[in-house]
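A short worksheet on the structure shown next.
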Amino acid sequence: MENGTDYKQIEKTAKRKKTVISTITYVLLTVWAVIVLFPFYWMILTSLKSYGAYNSEYIPKFFTLSPTLQNYADAFTTVSLGRYLVNTTIFTVVTTIIMLFVITLAAFAFARLDFKGKNIAFLVFLSLMMIPNELVIITNFVTVTNLDMRNSFPGLILPSVTSVFYIYLLKENFEQIPDSLYFAAKVDGTSDLKYLMKVMIPISKPTLITITILKVIECWNSYVWPRLITDDENYFLVSNGIQEIRENGFGRENIPAMMAAVVVISVPLIVLFLIFRKKVMEGVSRGGTKG
């Protein structure tokens with residue numbers, strides 16, 4: 001009887017401890033979520049305030065009773081936000097498509113084909129990740145300038161059409177596919193390219209979707225290279241466009257309209273990530289798991 005009472009007491013204590021730990025965890029996560037999401041809330045709130053209401057606030061208010069969409073209209077009519085969005089969409093789509101083609105073939109070669117010096121070549125390839133990005137940018141700038149491709153889409157796109165990390169991630173994923181499938185396909189007379197298209201790519205779809213989303217985000221947020229290689233407004237991307245809006249006086253004077261432009265630029269990436277977040281997690285975990 002006494003042992004039974006002691007067991008119930010221990011179980012009750014364990015449940016109480018688990019409840020306390022869970023409560024503390026959720027409180028900390030809630031606080032962290034508020035800290036992370038508050039800048040987004042403030043950005044959207046400011047974009048909905050009128051120019052006069054914003055400037056009349058000596059103490060910032062955390063809500064508005066008279067929201068307006070005029071700032072969004074000003075962001076498109078006063079500055080070339082629409083052109084920046086079109087340029088960024090072209091840059092993102094073309095760069096991502098070319099990169100997927102390049103890294104898929106490279107990953108397939110390293111994962112499945114046998115050729116002399118493959119391991120050494122891949123080791124040298126991986127060592128490129130150790131080179132500081134600043135050195136690569138300088139080299140690319142000199143090359144693009146010598147080829148007279150400044151202020152052009154090829155000059156923006158070409159330096160971004162490959163990635164050592166994405167090749168490595170996809171190669172690891174390809175290597176998880178059983179060798180027996182490849183040998184069986186070769187016995188049936190299937191070419192390497194057909195095997196890649198019909199077997200490896202469909203099996204690796206989660207990883208490819210993850211790479212696509214990450215590359216889209218990377219291209220959309222690209223700042224240093226476009227800022228360096230373009231000084232013609234006709235080729236500005238959204239990141240450079242926002243900087244230009246801030247520097248030309250409009251952004252410093254009309255903060256609500258500036259925030260509206262930032263919201264327009266941010267929303268596509270947020271929606272994209274929310275829709276495909278499970279695919280991103282699935283692709284990353286699949287690419288990092290052997291066997």
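Chains: A, B, ... in order of the structure tokens. Residues: from 1 per chain. Ligands: from 1, in order shown.
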Assign secondary structure with DSSP using the backbone only, and return the residues of segment 23-199 of chain A in alpha helix (DSSP H) as a PyMOL selection string. chain A and resi 23-47+51-55+70-77+81-112+118-127+133-146+153-157+164-174+179-187+192-195
Spatial neighbours of Pro178 of chain A, max dist 12 Å, only C-alpha atoms, sep filter under 2 positions, as JSON, numbers by chain: {"A": [111, 112, 173, 174, 175, 176, 180, 181, 182, 183, 184, 185, 199, 200, 203, 290, 291]}
Could you name the residues that touch segment 206-213 of chain A at 12 Å or less, counting only C-alpha atoms, but leaving out those on the same chain fewer than 2 positions away, as a PDB file with C-alpha atoms, in the first residue's frame?
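Saved the output as result_22.pdb:
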ATOM      1  CA  THR A  92      14.976  35.446 -60.151  1.00  0.00           C
ATOM      2  CA  VAL A  93      13.159  33.171 -62.611  1.00  0.00           C
ATOM      3  CA  VAL A  94      15.929  32.997 -65.234  1.00  0.00           C
ATOM      4  CA  THR A  95      18.722  32.567 -62.667  1.00  0.00           C
ATOM      5  CA  THR A  96      16.848  29.818 -60.817  1.00  0.00           C
ATOM      6  CA  ILE A  97      16.012  27.865 -63.990  1.00  0.00           C
ATOM      7  CA  ILE A  98      19.595  27.974 -65.304  1.00  0.00           C
ATOM      8  CA  MET A  99      21.005  27.097 -61.881  1.00  0.00           C
ATOM      9  CA  LEU A 100      18.715  24.054 -61.527  1.00  0.00           C
ATOM     10  CA  PHE A 101      19.900  22.796 -64.920  1.00  0.00           C
ATOM     11  CA  ILE A 103      23.533  21.818 -60.519  1.00  0.00           C
ATOM     12  CA  THR A 104      21.400  18.822 -61.537  1.00  0.00           C
ATOM     13  CA  ALA A 107      25.359  16.528 -59.019  1.00  0.00           C
ATOM     14  CA  THR A 162      25.741  27.795 -59.879  1.00  0.00           C
ATOM     15  CA  SER A 163      26.277  26.959 -56.215  1.00  0.00           C
ATOM     16  CA  PHE A 165      26.505  24.029 -51.654  1.00  0.00           C
ATOM     17  CA  TYR A 166      23.426  23.162 -53.733  1.00  0.00           C
ATOM     18  CA  ILE A 167      25.462  20.747 -55.868  1.00  0.00           C
ATOM     19  CA  TYR A 168      26.709  19.060 -52.702  1.00  0.00           C
ATOM     20  CA  LEU A 169      23.198  18.870 -51.235  1.00  0.00           C
ATOM     21  CA  LEU A 170      21.737  17.369 -54.412  1.00  0.00           C
ATOM     22  CA  LYS A 171      24.665  14.966 -54.839  1.00  0.00           C
ATOM     23  CA  GLU A 172      24.077  13.590 -51.336  1.00  0.00           C
ATOM     24  CA  ASN A 173      20.420  13.112 -52.219  1.00  0.00           C
ATOM     25  CA  PHE A 174      21.212  11.342 -55.496  1.00  0.00           C
ATOM     26  CA  MET A 200      16.527  10.466 -60.077  1.00  0.00           C
ATOM     27  CA  ILE A 201      14.762  13.793 -60.493  1.00  0.00           C
ATOM     28  CA  PRO A 202      11.281  12.478 -59.483  1.00  0.00           C
ATOM     29  CA  ILE A 203      12.732  10.751 -56.409  1.00  0.00           C
ATOM     30  CA  SER A 204      14.682  13.884 -55.442  1.00  0.00           C
ATOM     31  CA  LYS A 215      17.458  30.189 -54.573  1.00  0.00           C
ATOM     32  CA  VAL A 216      14.377  32.304 -55.218  1.00  0.00           C
ATOM     33  CA  ILE A 217      14.746  33.878 -51.776  1.00  0.00           C
ATOM     34  CA  GLU A 218      18.462  34.416 -52.372  1.00  0.00           C
ATOM     35  CA  CYS A 219      17.868  36.095 -55.740  1.00  0.00           C
ATOM     36  CA  TRP A 220      14.989  38.220 -54.486  1.00  0.00           C
ATOM     37  CA  PRO A 268       5.827  37.384 -52.076  1.00  0.00           C
ATOM     38  CA  LEU A 269       8.690  35.724 -50.179  1.00  0.00           C
ATOM     39  CA  ILE A 270       6.648  35.358 -46.983  1.00  0.00           C
ATOM     40  CA  VAL A 271       3.749  33.759 -48.880  1.00  0.00           C
ATOM     41  CA  LEU A 272       6.142  31.491 -50.797  1.00  0.00           C
ATOM     42  CA  PHE A 273       7.785  30.254 -47.618  1.00  0.00           C
ATOM     43  CA  LEU A 274       4.479  29.711 -45.793  1.00  0.00           C
ATOM     44  CA  ILE A 275       3.134  27.638 -48.691  1.00  0.00           C
ATOM     45  CA  PHE A 276       6.242  25.472 -49.126  1.00  0.00           C
ATOM     46  CA  ARG A 277       7.685  25.438 -45.586  1.00  0.00           C
ATOM     47  CA  LYS A 278       7.018  21.712 -45.167  1.00  0.00           C
ATOM     48  CA  LYS A 279       8.739  20.956 -48.464  1.00  0.00           C
ATOM     49  CA  VAL A 280      11.741  23.006 -47.367  1.00  0.00           C
ATOM     50  CA  MET A 281      12.077  21.072 -44.104  1.00  0.00           C
ATOM     51  CA  GLU A 282      11.530  17.754 -45.883  1.00  0.00           C
ATOM     52  CA  GLY A 283      14.112  18.518 -48.541  1.00  0.00           C
ATOM     53  CA  VAL A 284      16.779  19.690 -46.073  1.00  0.00           C
ATOM     54  CA  SER A 285      16.319  16.651 -43.808  1.00  0.00           C
ATOM     55  CA  ARG A 286      16.290  14.290 -46.803  1.00  0.00           C
ATOM     56  CA  GLY A 287      19.436  15.832 -48.267  1.00  0.00           C
ATOM     57  CA  GLY A 288      21.272  15.520 -44.978  1.00  0.00           C
ATOM     58  CA  THR A 289      20.373  11.877 -44.304  1.00  0.00           C
TER      59      THR A 289
END
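Atom CA of Ile242 of chain A lies 9.9 Å from atom CA of Ser80 of chain A.
Nearest to Ile245 of chain A of all the residues A:Leu123, A:Ile35, A:Leu85, A:Ala75 is A:Ala75, based on only C-alpha atoms.
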Residues within 12 Å of Val142 of chain A, only C-alpha atoms, excluding chain neighbours under 6 positions, as number ranges by chain: A: 135-136, 148-150, 155, 159, 228-229
Of A:Leu126, A:Ala109, A:Leu81, A:Leu196, the one nearest to Gln243 of chain A when counting only C-alpha atoms is A:Leu81
Could you make a table, as JSON lines, of the residues of segment 23-46 of chain A that have an atom within 12 Å of an atom of segment 50-64 of chain A, each with its nearest atom pair and distance in Å to one decimal, counting only C-alpha atoms, in chain and number order?
{"residue": "A:Phe38", "atom": "CA", "partner": "A:Phe62", "partner_atom": "CA", "distance": 10.3}
{"residue": "A:Pro39", "atom": "CA", "partner": "A:Phe62", "partner_atom": "CA", "distance": 11.6}
{"residue": "A:Tyr41", "atom": "CA", "partner": "A:Phe62", "partner_atom": "CA", "distance": 9.1}
{"residue": "A:Trp42", "atom": "CA", "partner": "A:Phe62", "partner_atom": "CA", "distance": 7.7}
{"residue": "A:Met43", "atom": "CA", "partner": "A:Phe62", "partner_atom": "CA", "distance": 11.0}
{"residue": "A:Ile44", "atom": "CA", "partner": "A:Phe63", "partner_atom": "CA", "distance": 10.4}
{"residue": "A:Leu45", "atom": "CA", "partner": "A:Phe63", "partner_atom": "CA", "distance": 6.9}
{"residue": "A:Thr46", "atom": "CA", "partner": "A:Tyr54", "partner_atom": "CA", "distance": 7.5}
Nearest to Phe125 of chain A: which of A:Val164, A:Val102, A:Leu48, A:Gln9 is it, counting only C-alpha atoms? A:Val164
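Among the candidate residues A:Ser191, A:Gln70, A:Asn146, A:Thr30, the one lying nearest to Lys49 of chain A is A:Gln70, with distances computed using only C-alpha atoms.
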